[in-house]
$ cat work-v8.cif   # mmCIF, N, CA and C atoms
data_final
loop_
_atom_site.label_atom_id
_atom_site.label_comp_id
_atom_site.auth_asym_id
_atom_site.auth_seq_id
_atom_site.Cartn_x
_atom_site.Cartn_y
_atom_site.Cartn_z
N MET A 1 1.07 -10.82 8.07
CA MET A 1 -0.11 -10.19 7.50
C MET A 1 -1.31 -11.06 7.80
N ALA A 2 -2.45 -10.49 7.84
CA ALA A 2 -3.66 -11.22 8.18
C ALA A 2 -3.97 -12.31 7.16
N SER A 3 -4.54 -13.39 7.64
CA SER A 3 -4.82 -14.53 6.76
C SER A 3 -5.90 -14.21 5.74
N GLU A 4 -6.74 -13.20 6.00
CA GLU A 4 -7.80 -12.87 5.05
C GLU A 4 -7.31 -11.99 3.91
N ALA A 5 -6.03 -11.67 3.89
CA ALA A 5 -5.49 -10.83 2.84
C ALA A 5 -5.37 -11.64 1.55
N ARG A 6 -6.32 -11.44 0.65
CA ARG A 6 -6.37 -12.25 -0.57
C ARG A 6 -6.21 -11.43 -1.84
N GLY A 7 -6.04 -10.15 -1.71
CA GLY A 7 -5.86 -9.33 -2.90
C GLY A 7 -4.47 -9.53 -3.48
N ARG A 8 -4.23 -8.87 -4.60
CA ARG A 8 -2.95 -9.03 -5.28
C ARG A 8 -2.63 -7.73 -6.03
N ALA A 9 -1.34 -7.40 -6.11
CA ALA A 9 -0.90 -6.25 -6.90
C ALA A 9 0.20 -6.72 -7.83
N ARG A 10 0.02 -6.44 -9.13
CA ARG A 10 0.99 -6.86 -10.14
C ARG A 10 1.45 -5.67 -10.97
N ASN A 11 2.72 -5.66 -11.31
CA ASN A 11 3.27 -4.68 -12.24
C ASN A 11 3.21 -5.33 -13.62
N LEU A 12 2.30 -4.85 -14.45
CA LEU A 12 2.07 -5.45 -15.77
C LEU A 12 3.22 -5.17 -16.74
N ASP A 13 3.86 -4.03 -16.60
CA ASP A 13 4.95 -3.68 -17.51
C ASP A 13 6.23 -4.44 -17.21
N ARG A 14 6.42 -4.85 -15.98
CA ARG A 14 7.64 -5.58 -15.58
C ARG A 14 7.36 -7.07 -15.37
N ASP A 15 6.09 -7.48 -15.56
CA ASP A 15 5.68 -8.87 -15.34
C ASP A 15 6.16 -9.37 -13.98
N SER A 16 5.83 -8.59 -12.95
CA SER A 16 6.27 -8.94 -11.60
C SER A 16 5.12 -8.74 -10.60
N VAL A 17 5.20 -9.45 -9.50
CA VAL A 17 4.18 -9.36 -8.45
C VAL A 17 4.72 -8.49 -7.32
N LEU A 18 3.98 -7.43 -7.01
CA LEU A 18 4.34 -6.55 -5.89
C LEU A 18 3.88 -7.16 -4.58
N ALA A 19 2.69 -7.75 -4.58
CA ALA A 19 2.16 -8.41 -3.39
C ALA A 19 1.16 -9.47 -3.82
N ASP A 20 1.29 -10.67 -3.27
CA ASP A 20 0.29 -11.70 -3.56
C ASP A 20 -0.58 -11.98 -2.34
N ARG A 21 -0.32 -11.28 -1.25
CA ARG A 21 -1.17 -11.29 -0.06
C ARG A 21 -1.43 -9.83 0.30
N LEU A 22 -2.40 -9.24 -0.39
CA LEU A 22 -2.69 -7.82 -0.27
C LEU A 22 -3.96 -7.60 0.54
N GLU A 23 -3.82 -6.88 1.61
CA GLU A 23 -4.96 -6.51 2.45
C GLU A 23 -5.41 -5.11 2.07
N THR A 24 -6.72 -4.88 2.06
CA THR A 24 -7.27 -3.57 1.72
C THR A 24 -7.72 -2.84 2.98
N ALA A 25 -7.35 -1.57 3.07
CA ALA A 25 -7.79 -0.69 4.15
C ALA A 25 -8.61 0.42 3.53
N ALA A 26 -9.92 0.25 3.52
CA ALA A 26 -10.78 1.20 2.81
C ALA A 26 -11.36 2.29 3.70
N SER A 27 -11.61 2.00 4.98
CA SER A 27 -12.24 3.00 5.84
C SER A 27 -11.22 4.02 6.33
N LEU A 28 -11.68 5.18 6.75
CA LEU A 28 -10.80 6.22 7.27
C LEU A 28 -10.02 5.70 8.48
N TRP A 29 -10.72 5.00 9.38
CA TRP A 29 -10.05 4.47 10.57
C TRP A 29 -8.97 3.45 10.19
N ALA A 30 -9.30 2.56 9.28
CA ALA A 30 -8.33 1.54 8.85
C ALA A 30 -7.12 2.19 8.19
N LYS A 31 -7.34 3.23 7.40
CA LYS A 31 -6.23 3.92 6.76
C LYS A 31 -5.36 4.62 7.79
N PHE A 32 -5.99 5.25 8.78
CA PHE A 32 -5.22 5.92 9.82
C PHE A 32 -4.35 4.93 10.58
N MET A 33 -4.92 3.80 10.95
CA MET A 33 -4.18 2.81 11.73
C MET A 33 -3.09 2.13 10.92
N GLY A 34 -3.35 1.89 9.65
CA GLY A 34 -2.34 1.32 8.78
C GLY A 34 -1.62 0.12 9.35
N LEU A 35 -0.32 0.19 9.34
CA LEU A 35 0.51 -0.91 9.83
C LEU A 35 1.02 -0.65 11.24
N MET A 36 0.49 0.37 11.90
CA MET A 36 0.90 0.68 13.27
C MET A 36 0.63 -0.51 14.18
N GLY A 37 1.61 -0.82 15.00
CA GLY A 37 1.45 -1.89 15.98
C GLY A 37 1.58 -3.29 15.42
N ARG A 38 1.87 -3.40 14.17
CA ARG A 38 1.99 -4.72 13.54
C ARG A 38 3.45 -5.13 13.42
N PRO A 39 3.67 -6.43 13.23
CA PRO A 39 5.04 -6.87 12.95
C PRO A 39 5.41 -6.48 11.51
N PRO A 40 6.70 -6.48 11.19
CA PRO A 40 7.13 -6.12 9.83
C PRO A 40 6.46 -7.00 8.77
N LEU A 41 6.29 -6.42 7.59
CA LEU A 41 5.73 -7.16 6.46
C LEU A 41 6.71 -8.22 5.98
N SER A 42 6.17 -9.35 5.61
CA SER A 42 6.98 -10.42 5.00
C SER A 42 6.94 -10.24 3.49
N ALA A 43 7.90 -10.84 2.80
CA ALA A 43 7.90 -10.80 1.33
C ALA A 43 6.55 -11.30 0.82
N GLY A 44 5.98 -10.59 -0.13
CA GLY A 44 4.68 -10.97 -0.69
C GLY A 44 3.50 -10.32 -0.02
N ASP A 45 3.70 -9.73 1.18
CA ASP A 45 2.62 -9.04 1.89
C ASP A 45 2.52 -7.60 1.42
N GLY A 46 1.34 -7.03 1.60
CA GLY A 46 1.16 -5.62 1.28
C GLY A 46 -0.15 -5.10 1.83
N LEU A 47 -0.23 -3.78 1.94
CA LEU A 47 -1.44 -3.11 2.37
C LEU A 47 -1.83 -2.12 1.29
N TRP A 48 -3.08 -2.18 0.83
CA TRP A 48 -3.62 -1.31 -0.21
C TRP A 48 -4.51 -0.28 0.43
N LEU A 49 -4.21 1.00 0.17
CA LEU A 49 -5.00 2.11 0.66
C LEU A 49 -5.64 2.81 -0.53
N PRO A 50 -6.86 2.41 -0.90
CA PRO A 50 -7.51 3.03 -2.06
C PRO A 50 -7.91 4.47 -1.75
N ALA A 51 -8.03 5.27 -2.80
CA ALA A 51 -8.47 6.67 -2.68
C ALA A 51 -7.61 7.44 -1.68
N SER A 52 -6.30 7.24 -1.73
CA SER A 52 -5.36 7.92 -0.85
C SER A 52 -4.23 8.53 -1.68
N ASN A 53 -3.74 9.70 -1.23
CA ASN A 53 -2.60 10.31 -1.91
C ASN A 53 -1.48 10.67 -0.94
N GLY A 54 -1.57 10.16 0.29
CA GLY A 54 -0.53 10.40 1.28
C GLY A 54 -0.62 9.39 2.40
N ILE A 55 0.50 9.21 3.09
CA ILE A 55 0.55 8.29 4.23
C ILE A 55 1.38 8.93 5.34
N HIS A 56 1.33 8.34 6.52
CA HIS A 56 2.19 8.77 7.61
C HIS A 56 3.01 7.58 8.11
N MET A 57 4.08 7.87 8.79
CA MET A 57 4.95 6.83 9.33
C MET A 57 5.03 6.91 10.86
N MET A 58 4.14 7.68 11.46
CA MET A 58 4.15 7.81 12.92
C MET A 58 3.75 6.49 13.57
N PHE A 59 4.39 6.19 14.67
CA PHE A 59 4.12 4.99 15.47
C PHE A 59 4.42 3.69 14.73
N MET A 60 5.11 3.80 13.61
CA MET A 60 5.50 2.60 12.84
C MET A 60 6.72 1.97 13.49
N ARG A 61 6.78 0.65 13.45
CA ARG A 61 7.90 -0.09 14.04
C ARG A 61 8.97 -0.45 13.02
N PHE A 62 8.68 -0.28 11.73
CA PHE A 62 9.58 -0.76 10.69
C PHE A 62 9.44 0.11 9.44
N PRO A 63 10.47 0.11 8.58
CA PRO A 63 10.39 0.87 7.32
C PRO A 63 9.56 0.11 6.28
N ILE A 64 9.12 0.83 5.26
CA ILE A 64 8.35 0.23 4.16
C ILE A 64 8.73 0.89 2.85
N ASP A 65 8.38 0.24 1.75
CA ASP A 65 8.36 0.85 0.42
C ASP A 65 6.92 1.28 0.17
N ALA A 66 6.73 2.40 -0.52
CA ALA A 66 5.38 2.86 -0.85
C ALA A 66 5.32 3.19 -2.34
N VAL A 67 4.26 2.69 -2.99
CA VAL A 67 4.03 2.95 -4.41
C VAL A 67 2.70 3.68 -4.53
N PHE A 68 2.75 4.91 -5.02
CA PHE A 68 1.54 5.73 -5.19
C PHE A 68 1.08 5.57 -6.63
N VAL A 69 -0.22 5.30 -6.80
CA VAL A 69 -0.77 5.04 -8.13
C VAL A 69 -1.95 5.95 -8.44
N SER A 70 -2.24 6.07 -9.73
CA SER A 70 -3.34 6.91 -10.22
C SER A 70 -4.68 6.20 -10.09
N LYS A 71 -5.72 6.92 -10.47
CA LYS A 71 -7.03 6.29 -10.64
C LYS A 71 -6.92 5.31 -11.80
N PRO A 72 -7.80 4.30 -11.83
CA PRO A 72 -7.76 3.36 -12.96
C PRO A 72 -8.05 4.07 -14.28
N GLY A 73 -7.31 3.68 -15.31
CA GLY A 73 -7.54 4.22 -16.65
C GLY A 73 -8.65 3.44 -17.34
N GLY A 74 -8.84 3.69 -18.60
CA GLY A 74 -9.87 3.01 -19.38
C GLY A 74 -9.70 1.50 -19.41
N ASP A 75 -8.46 1.04 -19.26
CA ASP A 75 -8.19 -0.40 -19.26
C ASP A 75 -8.32 -1.01 -17.86
N GLY A 76 -8.64 -0.16 -16.85
CA GLY A 76 -8.81 -0.65 -15.48
C GLY A 76 -7.52 -0.70 -14.69
N HIS A 77 -6.39 -0.39 -15.33
CA HIS A 77 -5.11 -0.42 -14.64
C HIS A 77 -4.73 0.96 -14.14
N ARG A 78 -3.89 1.00 -13.14
CA ARG A 78 -3.42 2.24 -12.54
C ARG A 78 -1.97 2.48 -12.96
N ARG A 79 -1.58 3.73 -13.07
CA ARG A 79 -0.20 4.09 -13.40
C ARG A 79 0.54 4.53 -12.13
N VAL A 80 1.79 4.12 -12.03
CA VAL A 80 2.61 4.54 -10.90
C VAL A 80 2.89 6.03 -11.04
N LYS A 81 2.55 6.78 -9.98
CA LYS A 81 2.79 8.22 -9.95
C LYS A 81 4.08 8.56 -9.22
N SER A 82 4.42 7.76 -8.19
CA SER A 82 5.61 8.04 -7.38
C SER A 82 6.00 6.78 -6.62
N VAL A 83 7.30 6.59 -6.42
CA VAL A 83 7.79 5.48 -5.61
C VAL A 83 8.65 6.05 -4.47
N HIS A 84 8.50 5.47 -3.30
CA HIS A 84 9.26 5.90 -2.12
C HIS A 84 9.87 4.66 -1.49
N ARG A 85 11.19 4.57 -1.58
CA ARG A 85 11.91 3.41 -1.06
C ARG A 85 12.28 3.59 0.41
N SER A 86 12.15 2.52 1.15
CA SER A 86 12.65 2.44 2.53
C SER A 86 12.28 3.65 3.37
N LEU A 87 10.98 3.93 3.44
CA LEU A 87 10.52 5.03 4.29
C LEU A 87 10.77 4.65 5.75
N ARG A 88 11.45 5.51 6.47
CA ARG A 88 11.81 5.23 7.86
C ARG A 88 10.63 5.40 8.79
N ALA A 89 10.58 4.53 9.79
CA ALA A 89 9.57 4.64 10.84
C ALA A 89 9.75 5.96 11.59
N TRP A 90 8.66 6.49 12.10
CA TRP A 90 8.66 7.70 12.93
C TRP A 90 9.10 8.95 12.20
N THR A 91 8.90 9.01 10.89
CA THR A 91 9.32 10.21 10.15
C THR A 91 8.17 11.13 9.82
N GLY A 92 7.00 10.89 10.35
CA GLY A 92 5.87 11.78 10.11
C GLY A 92 5.21 11.52 8.78
N LEU A 93 4.78 12.59 8.13
CA LEU A 93 4.04 12.48 6.88
C LEU A 93 4.96 12.34 5.69
N VAL A 94 4.54 11.51 4.75
CA VAL A 94 5.19 11.45 3.45
C VAL A 94 4.49 12.52 2.62
N PRO A 95 5.21 13.33 1.85
CA PRO A 95 4.54 14.38 1.07
C PRO A 95 3.39 13.81 0.23
N LEU A 96 2.32 14.58 0.14
CA LEU A 96 1.19 14.17 -0.68
C LEU A 96 1.64 14.08 -2.13
N VAL A 97 1.10 13.10 -2.84
CA VAL A 97 1.48 12.88 -4.24
C VAL A 97 0.33 13.34 -5.12
N ARG A 98 0.58 14.39 -5.87
CA ARG A 98 -0.42 14.96 -6.77
C ARG A 98 -0.83 13.91 -7.81
N GLY A 99 -2.13 13.71 -7.97
CA GLY A 99 -2.65 12.78 -8.96
C GLY A 99 -2.74 11.34 -8.48
N ALA A 100 -2.27 11.07 -7.27
CA ALA A 100 -2.37 9.70 -6.74
C ALA A 100 -3.78 9.44 -6.23
N ASP A 101 -4.22 8.20 -6.38
CA ASP A 101 -5.54 7.79 -5.92
C ASP A 101 -5.46 6.42 -5.26
N GLY A 102 -4.32 6.10 -4.70
CA GLY A 102 -4.13 4.85 -4.00
C GLY A 102 -2.65 4.66 -3.68
N VAL A 103 -2.39 3.91 -2.60
CA VAL A 103 -1.02 3.66 -2.18
C VAL A 103 -0.88 2.19 -1.82
N LEU A 104 0.20 1.59 -2.28
CA LEU A 104 0.58 0.24 -1.88
C LEU A 104 1.72 0.36 -0.88
N GLU A 105 1.52 -0.20 0.32
CA GLU A 105 2.58 -0.25 1.32
C GLU A 105 3.16 -1.65 1.28
N LEU A 106 4.47 -1.74 1.07
CA LEU A 106 5.12 -3.01 0.77
C LEU A 106 6.40 -3.17 1.58
N PRO A 107 6.90 -4.41 1.69
CA PRO A 107 8.18 -4.61 2.39
C PRO A 107 9.31 -3.86 1.69
N VAL A 108 10.26 -3.38 2.47
CA VAL A 108 11.43 -2.72 1.91
C VAL A 108 12.11 -3.65 0.90
N GLY A 109 12.49 -3.10 -0.23
CA GLY A 109 13.15 -3.87 -1.28
C GLY A 109 12.23 -4.28 -2.40
N THR A 110 10.91 -4.17 -2.21
CA THR A 110 9.96 -4.60 -3.23
C THR A 110 10.07 -3.75 -4.49
N ILE A 111 10.20 -2.44 -4.33
CA ILE A 111 10.30 -1.56 -5.50
C ILE A 111 11.50 -1.96 -6.36
N ASP A 112 12.64 -2.17 -5.70
CA ASP A 112 13.84 -2.53 -6.45
C ASP A 112 13.77 -3.94 -7.03
N SER A 113 13.26 -4.89 -6.26
CA SER A 113 13.24 -6.28 -6.74
C SER A 113 12.27 -6.48 -7.90
N THR A 114 11.24 -5.63 -8.00
CA THR A 114 10.28 -5.75 -9.09
C THR A 114 10.60 -4.80 -10.24
N GLY A 115 11.55 -3.89 -10.02
CA GLY A 115 11.89 -2.92 -11.06
C GLY A 115 10.83 -1.86 -11.29
N THR A 116 9.93 -1.67 -10.34
CA THR A 116 8.81 -0.74 -10.49
C THR A 116 9.30 0.70 -10.64
N ARG A 117 8.74 1.38 -11.64
CA ARG A 117 9.12 2.76 -11.96
C ARG A 117 7.87 3.61 -12.21
N VAL A 118 8.04 4.90 -12.11
CA VAL A 118 6.96 5.84 -12.43
C VAL A 118 6.52 5.57 -13.87
N GLY A 119 5.19 5.51 -14.06
CA GLY A 119 4.61 5.26 -15.37
C GLY A 119 4.20 3.82 -15.61
N ASP A 120 4.73 2.87 -14.82
CA ASP A 120 4.35 1.47 -14.98
C ASP A 120 2.85 1.28 -14.73
N ARG A 121 2.29 0.27 -15.38
CA ARG A 121 0.88 -0.10 -15.17
C ARG A 121 0.78 -1.13 -14.06
N ILE A 122 -0.09 -0.84 -13.10
CA ILE A 122 -0.29 -1.71 -11.94
C ILE A 122 -1.73 -2.22 -11.94
N GLU A 123 -1.87 -3.51 -11.71
CA GLU A 123 -3.18 -4.13 -11.55
C GLU A 123 -3.36 -4.46 -10.07
N VAL A 124 -4.42 -3.92 -9.47
CA VAL A 124 -4.71 -4.17 -8.06
C VAL A 124 -6.04 -4.91 -7.97
N SER A 125 -6.02 -6.09 -7.37
CA SER A 125 -7.27 -6.80 -7.08
C SER A 125 -7.44 -6.75 -5.57
N GLU A 126 -8.54 -6.16 -5.15
CA GLU A 126 -8.77 -5.91 -3.73
C GLU A 126 -9.44 -7.08 -3.04
N SER A 127 -9.19 -7.15 -1.73
CA SER A 127 -9.94 -8.05 -0.86
C SER A 127 -10.22 -7.30 0.42
N PRO A 128 -11.33 -7.57 1.08
CA PRO A 128 -11.66 -6.85 2.31
C PRO A 128 -10.58 -7.06 3.36
N GLY A 129 -10.27 -6.00 4.08
CA GLY A 129 -9.29 -6.09 5.16
C GLY A 129 -9.96 -6.32 6.48
N ARG A 130 -9.15 -6.46 7.52
CA ARG A 130 -9.66 -6.71 8.85
C ARG A 130 -9.92 -5.37 9.52
N GLY A 131 -10.94 -5.32 10.35
CA GLY A 131 -11.21 -4.14 11.15
C GLY A 131 -11.75 -2.97 10.37
N GLU A 132 -12.31 -3.19 9.21
CA GLU A 132 -12.82 -2.09 8.40
C GLU A 132 -13.89 -1.34 9.17
N GLY A 133 -13.56 -0.10 9.55
CA GLY A 133 -14.51 0.76 10.21
C GLY A 133 -14.78 0.42 11.65
N SER A 134 -14.05 -0.49 12.25
CA SER A 134 -14.31 -0.91 13.61
C SER A 134 -13.11 -0.60 14.50
N PRO A 135 -13.17 0.53 15.25
CA PRO A 135 -12.02 0.92 16.04
C PRO A 135 -11.69 -0.07 17.15
N GLY A 136 -12.58 -0.93 17.54
CA GLY A 136 -12.32 -1.89 18.60
C GLY A 136 -11.48 -3.07 18.15
N GLN A 137 -11.37 -3.30 16.86
CA GLN A 137 -10.60 -4.43 16.34
C GLN A 137 -9.24 -3.93 15.88
N ALA A 138 -8.33 -4.87 15.68
CA ALA A 138 -7.05 -4.49 15.08
C ALA A 138 -7.35 -3.96 13.69
N ALA A 139 -6.84 -2.81 13.37
CA ALA A 139 -7.16 -2.18 12.10
C ALA A 139 -6.11 -2.47 11.05
N SER A 140 -6.45 -2.20 9.80
CA SER A 140 -5.56 -2.62 8.73
C SER A 140 -5.13 -1.51 7.80
N GLY A 141 -5.49 -0.29 8.00
CA GLY A 141 -5.11 0.73 7.04
C GLY A 141 -4.57 1.97 7.66
N ARG A 142 -4.29 2.93 6.85
CA ARG A 142 -3.70 4.15 7.33
C ARG A 142 -4.26 5.32 6.59
N ARG A 143 -3.91 6.42 6.83
CA ARG A 143 -4.35 7.73 6.43
C ARG A 143 -4.83 7.89 5.00
N THR A 144 -5.52 8.97 4.77
CA THR A 144 -6.01 9.28 3.42
C THR A 144 -4.99 9.98 2.61
#

$ encode --input "work-v8.cif" --output "structure tokens"
Amino acid sequence: MASEARGRARNLDRDSVLADRLETAASLWAKFMGLMGRPPLSAGDGLWLPASNGIHMMFMRFPIDAVFVSKPGGDGHRRVKSVHRSLRAWTGLVPLVRGADGVLELPVGTIDSTGTRVGDRIEVSESPGRGEGSPGQAASGRRT
């Protein structure tokens, strides 16, 4: 994962860290590119796609876990809306998740190792990602 990935995602209900090196992909281009062309995620790495309710797995080289979360509540935390374990590369679109307003893309096994479940409270602290809005650079995000 890129060295500038300084964000973090924590599951407050399970007192566990989903990612301590979280990169943010905020632009449409960064979201589309996502993890395409990158090496597999290492433990502790993650990609945050804010304002997203779906992802694709096209041109991916490796599987991932995906955690779809709601908009922040009054306390600033997000609720897990859906979890998708070990999404296979090259499987196309993951179904859109109703009510989701962000997706965490994580190494396979993260959902199980953290005990993350639908309804858990997630705290996401963002950091700027690489290639935000610049198609000429390696991009950091994926679809909306």

$ closest_residue --input "work-v8.cif" --among "A:Pro107, A:Thr114, A:Ala26, A:Arg38" --to "Phe59 in chain A" --atoms "only N, CA and C atoms"
A:Arg38

$ axis_aligned_box --input "work-v8.cif" --around "range 78-91 of chain A" --padding-each-side "4 Å" --output "lines of an AutoDock Vina configuration file"
center_x = 4.4
center_y = 6.1
center_z = -0.2
size_x = 24.5
size_y = 18.1
size_z = 34.3

$ residues_near_point --input "work-v8.cif" --point "(-8.5, -7.7, -2.0)" --cutoff "6 Å" --atoms "only N, CA and C atoms" --output "MDAnalysis selection string"
chainID A and resid 6:8 22:24 125:128

$ closest_residue --input "work-v8.cif" --among "A:Gly44, A:Thr91, A:Asp112, A:Phe32" --to "Ala19 in chain A" --atoms "only C-alpha atoms"
A:Gly44

$ atom_distance --input "work-v8.cif" --atom1 "atom C of Met57 in chain A" --atom2 "atom C of Leu41 in chain A"
16.0 Å

$ resolve_selection --input "work-v8.cif" --expression "the PyMOL selection byres (((chain A and resi 46 and name CA) around 12) and name CA)" --output "number ranges by chain"
A: 1-2, 5-10, 17-25, 34-35, 40-45, 47-49, 64-67, 103-108, 110, 124-127, 129, 140-141

$ closest_residue --input "work-v8.cif" --among "A:Met36, A:Leu12, A:Ile122, A:Leu93" --to "Val69 in chain A" --atoms "all atoms listed in the file"
A:Ile122

$ decode --input "work-v8.cif" --residues "range 82-96 of chain A" --atoms "N, CA and C atoms" --output "PDB file, in the first residue's frame"
ATOM      1  N   SER A  82     -23.311  -4.145   5.308  1.00  0.00           N
ATOM      2  CA  SER A  82     -23.134  -5.439   4.648  1.00  0.00           C
ATOM      3  C   SER A  82     -21.656  -5.809   4.674  1.00  0.00           C
ATOM      4  N   VAL A  83     -21.373  -7.106   4.781  1.00  0.00           N
ATOM      5  CA  VAL A  83     -19.999  -7.591   4.702  1.00  0.00           C
ATOM      6  C   VAL A  83     -19.912  -8.621   3.573  1.00  0.00           C
ATOM      7  N   HIS A  84     -18.826  -8.568   2.828  1.00  0.00           N
ATOM      8  CA  HIS A  84     -18.598  -9.491   1.713  1.00  0.00           C
ATOM      9  C   HIS A  84     -17.200 -10.070   1.874  1.00  0.00           C
ATOM     10  N   ARG A  85     -17.145 -11.352   2.187  1.00  0.00           N
ATOM     11  CA  ARG A  85     -15.871 -12.033   2.426  1.00  0.00           C
ATOM     12  C   ARG A  85     -15.292 -12.582   1.125  1.00  0.00           C
ATOM     13  N   SER A  86     -13.992 -12.452   0.998  1.00  0.00           N
ATOM     14  CA  SER A  86     -13.228 -13.102  -0.071  1.00  0.00           C
ATOM     15  C   SER A  86     -13.865 -12.948  -1.450  1.00  0.00           C
ATOM     16  N   LEU A  87     -14.092 -11.696  -1.831  1.00  0.00           N
ATOM     17  CA  LEU A  87     -14.623 -11.435  -3.173  1.00  0.00           C
ATOM     18  C   LEU A  87     -13.566 -11.822  -4.205  1.00  0.00           C
ATOM     19  N   ARG A  88     -13.946 -12.651  -5.146  1.00  0.00           N
ATOM     20  CA  ARG A  88     -13.001 -13.154  -6.142  1.00  0.00           C
ATOM     21  C   ARG A  88     -12.698 -12.106  -7.201  1.00  0.00           C
ATOM     22  N   ALA A  89     -11.451 -12.111  -7.640  1.00  0.00           N
ATOM     23  CA  ALA A  89     -11.034 -11.240  -8.746  1.00  0.00           C
ATOM     24  C   ALA A  89     -11.805 -11.623 -10.010  1.00  0.00           C
ATOM     25  N   TRP A  90     -12.024 -10.648 -10.864  1.00  0.00           N
ATOM     26  CA  TRP A  90     -12.654 -10.850 -12.173  1.00  0.00           C
ATOM     27  C   TRP A  90     -14.103 -11.312 -12.094  1.00  0.00           C
ATOM     28  N   THR A  91     -14.807 -10.963 -11.026  1.00  0.00           N
ATOM     29  CA  THR A  91     -16.205 -11.394 -10.925  1.00  0.00           C
ATOM     30  C   THR A  91     -17.192 -10.292 -11.263  1.00  0.00           C
ATOM     31  N   GLY A  92     -16.729  -9.177 -11.772  1.00  0.00           N
ATOM     32  CA  GLY A  92     -17.642  -8.108 -12.165  1.00  0.00           C
ATOM     33  C   GLY A  92     -18.092  -7.270 -10.992  1.00  0.00           C
ATOM     34  N   LEU A  93     -19.348  -6.860 -11.028  1.00  0.00           N
ATOM     35  CA  LEU A  93     -19.885  -5.970 -10.006  1.00  0.00           C
ATOM     36  C   LEU A  93     -20.348  -6.729  -8.777  1.00  0.00           C
ATOM     37  N   VAL A  94     -20.103  -6.133  -7.627  1.00  0.00           N
ATOM     38  CA  VAL A  94     -20.689  -6.611  -6.383  1.00  0.00           C
ATOM     39  C   VAL A  94     -22.044  -5.911  -6.301  1.00  0.00           C
ATOM     40  N   PRO A  95     -23.112  -6.603  -5.934  1.00  0.00           N
ATOM     41  CA  PRO A  95     -24.423  -5.936  -5.879  1.00  0.00           C
ATOM     42  C   PRO A  95     -24.367  -4.650  -5.050  1.00  0.00           C
ATOM     43  N   LEU A  96     -25.096  -3.648  -5.509  1.00  0.00           N
ATOM     44  CA  LEU A  96     -25.167  -2.394  -4.765  1.00  0.00           C
ATOM     45  C   LEU A  96     -25.804  -2.657  -3.408  1.00  0.00           C
TER      46      LEU A  96
END
